[in-house]
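Enquirer: The structure is given below, and queries will be raised subsequently.
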Amino acid sequence: MIINQANRDDQVSRLLSKLSDVYALLMEGEGLVRIASMPEICEKIARQTLECADFVVHYTDMKSFWERFGKNVFKETDAMIQRYNEALDNLMQQFRDKMAIATVETIHRIAEDQDLNGMVCVLGAGRNTAKNCLPGTREDILSEIKCWIRSTGDDVQRVLWLSGTAGKGKSAIAHTIANWSHERGGMQACFCFDRTREAERRHEKIFTTISRDLADCDITMRGALARAVRDDNELKHTVDVSRQWQELVVGPVGEASKAITAPVQIVIDALDESGDANTREHILRLLSRKTDAPSSQRAELPANARVIIISRPLQDIRDALLASHVHHISMDDIPPASTHNDIQLYISNRLAGLRNFNDAHFNTLAEKSDGLFEWARLACEHIKSTNRLSQDPMSRFNAVVAGTSEKGTRLLDSMYARILGEIMPEDDRRESIPLFCSVMGQILA
């Protein structure tokens, strides 16, 4: 019995050493523990370790107690020690296996990073949550677009064109849809043109940027894109938008779509701000399927792809996108009463907290807006601004209402003139304008 007890003590000591080995293994793989597949096995190891540690801590007390009993109790202790050892061995092997898989995945990811490194992309051209529609506004049109995105079947149009004149709030809808898709966890990309950043030549980098954004959403898309550029380094920075579209977007998206059925969404906002008609000619040809490439070399987007184009209804864009395969929504067709209510809600939200303002003031501004969200935004900013201490918000409100008689886009021109006139009062223009011209001349030179 004494020899058996000595062996049993030795087994407990080895069990304690194994607990130490488990701890060392976990510390060795500390960085890998953060990988999504690891927490579950780590939790199992932690629970088993605590159970074993509790057994070791109380072993001495248990031994003194069991000495008064027969041999069968000692056999139970031996069996318990064996079970703990086998359980720890099994869990440690599972941990090593997962570490090996995670290491391979990490190496594969690094290799893909090397393949994708150097692709020309536009920074700051993506979705922006700050530009979302105010909750409760534009609900009907947002619902229509979401319904189209979720539609299934090969006969569903894969391109949607949302058109509207300047100031209608098109970009807010674009960002709302893009952020909605991101929140749902889908494969999506959003690319926004900006006329103030034409020097970046965004039209030459549109599809390289979109392809990288899509790759960040899906590992299958990422792998397909990495393979596309692995043996063709020039493809990473080509300005040939036709090659970008076919080899970086359509091809990889088609491959990824074999593994996923959820919508693949691409939002292109403010296409009319890409430059003149010549700069977007090739982009429009690709999106409208009017490319000159032979049909044998022209791949089509998969059935679950959805491309949303937002722009003003310029003639070249109308000519390209008014086609049977394009679903067209015009913001000019939205009932005026619906737009009025949305703008009034927006104004009441932006001017909330100002003293002496009520629904009557908000309704007056909504009527003056002539359906232009951009005018409403500028009016609210102007009313709330503090550039001139002599005017309080109500005085500014009265000045805006009394001085607004234009309609349509001229309404925006009038508001811009009002804001610029306040920044540079007429009395200061004689001195300010030559200084302004001198500074701008040096910058442009």
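Following the order of the structure tokens, chains are lettered A, B, ..., residues in each are numbered from 1, and ligands are numbered from 1.
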As a list of chain:residue names, please: every residue in region 91-320 of chain A that DSSP puts in strand (DSSP E).
Expert: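 Checking each residue of region 91-320 of chain A, the strand (DSSP E) ones are A:Val159, A:Leu160, A:Trp161, A:Leu162, A:Ser163, A:Met187, A:Gln188, A:Ala189, A:Cys190, A:Phe191, A:Cys192, A:Val264, A:Gln265, A:Ile266, A:Val267, A:Ile268, A:Asp269, A:Ala305, A:Arg306, A:Val307, A:Ile308, A:Ile309, A:Ile310, A:Ser311.
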Enquirer: For the residues selected in the previous step, produce a file with C-alpha atoms as a tab-separated table (two decimals), in the first residue's frame.
Expert:
```tsv
chain	number	residue	atom	x	y	z
A	159	VAL	CA	-27.89	47.96	-62.33
A	160	LEU	CA	-29.97	50.70	-60.68
A	161	TRP	CA	-29.63	54.35	-61.63
A	162	LEU	CA	-30.86	56.91	-59.09
A	163	SER	CA	-31.08	60.31	-60.72
A	187	MET	CA	-19.88	42.02	-49.61
A	188	GLN	CA	-20.10	45.68	-50.56
A	189	ALA	CA	-18.13	48.66	-51.82
A	190	CYS	CA	-18.91	52.35	-52.09
A	191	PHE	CA	-17.02	54.75	-54.37
A	192	CYS	CA	-17.79	58.48	-54.32
A	264	VAL	CA	-22.81	41.74	-53.81
A	265	GLN	CA	-23.41	45.48	-53.71
A	266	ILE	CA	-21.47	48.29	-55.40
A	267	VAL	CA	-22.50	51.93	-54.91
A	268	ILE	CA	-21.07	54.60	-57.21
A	269	ASP	CA	-22.06	58.06	-56.01
A	305	ALA	CA	-24.55	41.45	-58.09
A	306	ARG	CA	-26.19	44.85	-57.60
A	307	VAL	CA	-24.63	48.08	-58.92
A	308	ILE	CA	-26.20	51.37	-57.80
A	309	ILE	CA	-25.25	54.52	-59.72
A	310	ILE	CA	-26.20	57.94	-58.36
A	311	SER	CA	-25.92	61.08	-60.46
```
Enquirer: If you run DSSP on the backbone, which residues of region 55-287 of chain A are alpha helix (DSSP H), as a ChimeraX atom specification?
Expert: /A:55-57,59-66,71-116,139-150,170-183,206-215,219-230,241-243,251-256,281-287
Enquirer: Name the residues in contact with Gly164 (chain A) at a cut-off of 12 Å, using only C-alpha atoms, excluding same-chain residues fewer than 2 positions from it; report them as a tab-separated table (two decimals) with N, CA and C atoms, in the first residue's frame.
Expert:
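Writing done, so here's selection.tsv:
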```tsv
chain	number	residue	atom	x	y	z
A	161	TRP	N	-30.08	52.96	-61.51
A	161	TRP	CA	-29.63	54.35	-61.63
A	161	TRP	C	-30.60	55.24	-60.87
A	162	LEU	N	-30.08	55.93	-59.86
A	162	LEU	CA	-30.86	56.91	-59.09
A	162	LEU	C	-30.45	58.29	-59.56
A	166	ALA	N	-29.40	68.68	-58.66
A	166	ALA	CA	-28.51	69.04	-57.56
A	166	ALA	C	-29.31	69.42	-56.32
A	167	GLY	N	-28.86	68.97	-55.17
A	167	GLY	CA	-29.46	69.37	-53.91
A	167	GLY	C	-30.61	68.50	-53.44
A	168	LYS	N	-30.94	67.44	-54.18
A	168	LYS	CA	-32.08	66.58	-53.83
A	168	LYS	C	-31.78	65.62	-52.68
A	169	GLY	N	-30.52	65.47	-52.33
A	169	GLY	CA	-30.18	64.54	-51.25
A	169	GLY	C	-29.81	63.15	-51.75
A	170	LYS	N	-29.28	63.06	-52.96
A	170	LYS	CA	-28.93	61.77	-53.56
A	170	LYS	C	-27.79	61.09	-52.79
A	171	SER	N	-26.79	61.88	-52.42
A	171	SER	CA	-25.63	61.29	-51.74
A	171	SER	C	-25.99	60.72	-50.38
A	173	ILE	N	-28.72	59.26	-49.64
A	173	ILE	CA	-29.31	57.94	-49.92
A	173	ILE	C	-28.20	56.94	-50.25
A	269	ASP	N	-21.35	56.81	-56.27
A	269	ASP	CA	-22.06	58.06	-56.01
A	269	ASP	C	-21.44	59.22	-56.79
A	270	ALA	N	-22.30	60.13	-57.21
A	270	ALA	CA	-21.89	61.38	-57.88
A	270	ALA	C	-21.06	61.12	-59.14
A	271	LEU	N	-21.52	60.20	-59.97
A	271	LEU	CA	-20.80	59.92	-61.22
A	271	LEU	C	-20.68	61.17	-62.07
A	272	ASP	N	-21.65	62.07	-61.97
A	272	ASP	CA	-21.61	63.31	-62.74
A	272	ASP	C	-20.47	64.22	-62.32
A	309	ILE	N	-25.91	53.31	-59.20
A	309	ILE	CA	-25.25	54.52	-59.72
A	309	ILE	C	-26.10	55.72	-59.36
A	310	ILE	N	-25.48	56.72	-58.76
A	310	ILE	CA	-26.20	57.94	-58.36
A	310	ILE	C	-25.59	59.12	-59.10
A	311	SER	N	-26.45	59.93	-59.72
A	311	SER	CA	-25.92	61.08	-60.46
A	311	SER	C	-27.04	62.04	-60.81
A	312	ARG	N	-26.63	63.22	-61.27
A	312	ARG	CA	-27.59	64.12	-61.91
A	312	ARG	C	-27.91	63.56	-63.29
A	313	PRO	N	-29.06	63.90	-63.86
A	313	PRO	CA	-29.44	63.33	-65.16
A	313	PRO	C	-28.79	64.06	-66.33
A	314	LEU	N	-27.45	64.08	-66.36
A	314	LEU	CA	-26.75	64.71	-67.48
A	314	LEU	C	-27.00	63.91	-68.75
A	317	ILE	N	-25.07	60.64	-69.44
A	317	ILE	CA	-25.43	59.58	-68.49
A	317	ILE	C	-26.81	59.04	-68.83
A	318	ARG	N	-27.72	59.94	-69.19
A	318	ARG	CA	-29.07	59.51	-69.59
A	318	ARG	C	-28.99	58.60	-70.82
A	328	HIS	N	-34.37	52.29	-63.29
A	328	HIS	CA	-34.21	53.73	-63.10
A	328	HIS	C	-35.20	54.26	-62.07
A	329	ILE	N	-34.68	55.01	-61.10
A	329	ILE	CA	-35.51	55.73	-60.13
A	329	ILE	C	-35.14	57.21	-60.20
A	330	SER	N	-36.13	58.04	-60.45
A	330	SER	CA	-35.90	59.47	-60.51
A	330	SER	C	-36.44	60.13	-59.24
A	331	MET	N	-35.60	60.91	-58.58
A	331	MET	CA	-36.04	61.60	-57.37
A	331	MET	C	-37.02	62.71	-57.69
A	332	ASP	N	-37.07	63.08	-58.96
A	332	ASP	CA	-38.05	64.09	-59.37
A	332	ASP	C	-39.47	63.52	-59.34
A	333	ASP	N	-39.59	62.18	-59.26
A	333	ASP	CA	-40.91	61.55	-59.24
A	333	ASP	C	-41.45	61.36	-57.82
A	334	ILE	N	-40.65	61.72	-56.82
A	334	ILE	CA	-41.11	61.58	-55.43
A	334	ILE	C	-42.19	62.64	-55.18
A	371	GLY	N	-37.99	71.62	-52.15
A	371	GLY	CA	-37.63	70.21	-52.29
A	371	GLY	C	-36.15	69.92	-52.29
A	372	LEU	N	-35.30	70.91	-51.98
A	372	LEU	CA	-33.85	70.72	-52.01
A	372	LEU	C	-33.30	70.54	-50.59
A	373	PHE	N	-32.84	69.34	-50.29
A	373	PHE	CA	-32.26	69.07	-48.99
A	373	PHE	C	-30.99	69.90	-48.77
A	408	GLY	N	-35.65	76.01	-57.72
A	408	GLY	CA	-34.71	75.09	-58.37
A	408	GLY	C	-33.27	75.36	-57.96
A	409	THR	N	-32.36	75.10	-58.90
A	409	THR	CA	-30.93	75.24	-58.61
A	409	THR	C	-30.53	76.69	-58.34
```
Enquirer: Which residue out of A:Cys437, A:Ala277, A:Val250, A:Val22 has the minimum interatomic distance to Leu50 (chain A) when only C-alpha atoms are used?
Expert: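 Of all the options, A:Val22 lies closest to Leu50 (chain A).
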Enquirer: Nearest to Glu204 (chain A) among A:Pro263, A:Gly275, A:Gly353, A:Pro252, with distances taken over only C-alpha atoms: which residue is it?
Expert: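 Among A:Pro263, A:Gly275, A:Gly353, A:Pro252, it is A:Gly275 that comes nearest to Glu204 (chain A).
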Enquirer: Determine, counting only C-alpha atoms, which protein, DNA and RNA residues have an atom within 8 Å of an atom of region 209-220 of chain A; residues of the same chain fewer than 3 positions away are not included. Present the result as JSON, numbers by chain.
Expert: {"A": [120, 121, 122, 185, 186, 187, 188, 189, 190, 191, 205, 206, 223, 224, 225, 248, 249, 255, 256, 259, 266]}
Enquirer: Would you put the residues from that selection into a file with C-alpha atoms, as a PDB file, in the first residue's frame?
Expert:
```pdb
ATOM      1  CA  VAL A 120      -3.585  51.862 -56.776  1.00  0.00           C
ATOM      2  CA  CYS A 121      -6.582  52.919 -54.687  1.00  0.00           C
ATOM      3  CA  VAL A 122      -8.293  56.186 -53.801  1.00  0.00           C
ATOM      4  CA  GLY A 185     -22.268  41.996 -43.202  1.00  0.00           C
ATOM      5  CA  GLY A 186     -22.569  41.677 -46.959  1.00  0.00           C
ATOM      6  CA  MET A 187     -19.883  42.023 -49.614  1.00  0.00           C
ATOM      7  CA  GLN A 188     -20.099  45.680 -50.559  1.00  0.00           C
ATOM      8  CA  ALA A 189     -18.130  48.660 -51.822  1.00  0.00           C
ATOM      9  CA  CYS A 190     -18.907  52.350 -52.086  1.00  0.00           C
ATOM     10  CA  PHE A 191     -17.025  54.745 -54.370  1.00  0.00           C
ATOM     11  CA  LYS A 205      -8.823  54.230 -60.103  1.00  0.00           C
ATOM     12  CA  ILE A 206     -12.496  53.476 -59.629  1.00  0.00           C
ATOM     13  CA  GLY A 223      -8.111  35.125 -52.864  1.00  0.00           C
ATOM     14  CA  ALA A 224      -9.535  35.545 -56.372  1.00  0.00           C
ATOM     15  CA  LEU A 225      -8.265  39.132 -56.585  1.00  0.00           C
ATOM     16  CA  LEU A 248     -10.456  42.894 -60.970  1.00  0.00           C
ATOM     17  CA  VAL A 249     -14.211  43.118 -60.433  1.00  0.00           C
ATOM     18  CA  GLU A 255     -15.701  33.378 -58.530  1.00  0.00           C
ATOM     19  CA  ALA A 256     -16.743  34.535 -55.046  1.00  0.00           C
ATOM     20  CA  ALA A 259     -19.618  30.315 -52.666  1.00  0.00           C
ATOM     21  CA  ILE A 266     -21.469  48.287 -55.405  1.00  0.00           C
TER      22      ILE A 266
END
```
Enquirer: Could you check which of A:Asn363, A:Ser257, A:Ser181, A:Gln48 is closest to Arg127 (chain A), using only C-alpha atoms?
Expert: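 Among the listed residues, the smallest separation from Arg127 (chain A) belongs to A:Ser181.
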Enquirer: Determine, counting only C-alpha atoms, which protein, DNA and RNA residues have an atom within 9 Å of an atom of Ile383 (chain A); residues of the same chain fewer than 6 positions away are not included. Present the result as a PyMOL selection string.
Expert: chain A and resi 351+392-397+400
Enquirer: Which one is closest to Ile41 (chain A): A:Leu88, A:Ala352, A:Leu15, A:Ile433? Count only C-alpha atoms.
Expert: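 Once distances to Ile41 (chain A) are computed over only C-alpha atoms, the minimum belongs to A:Leu88.
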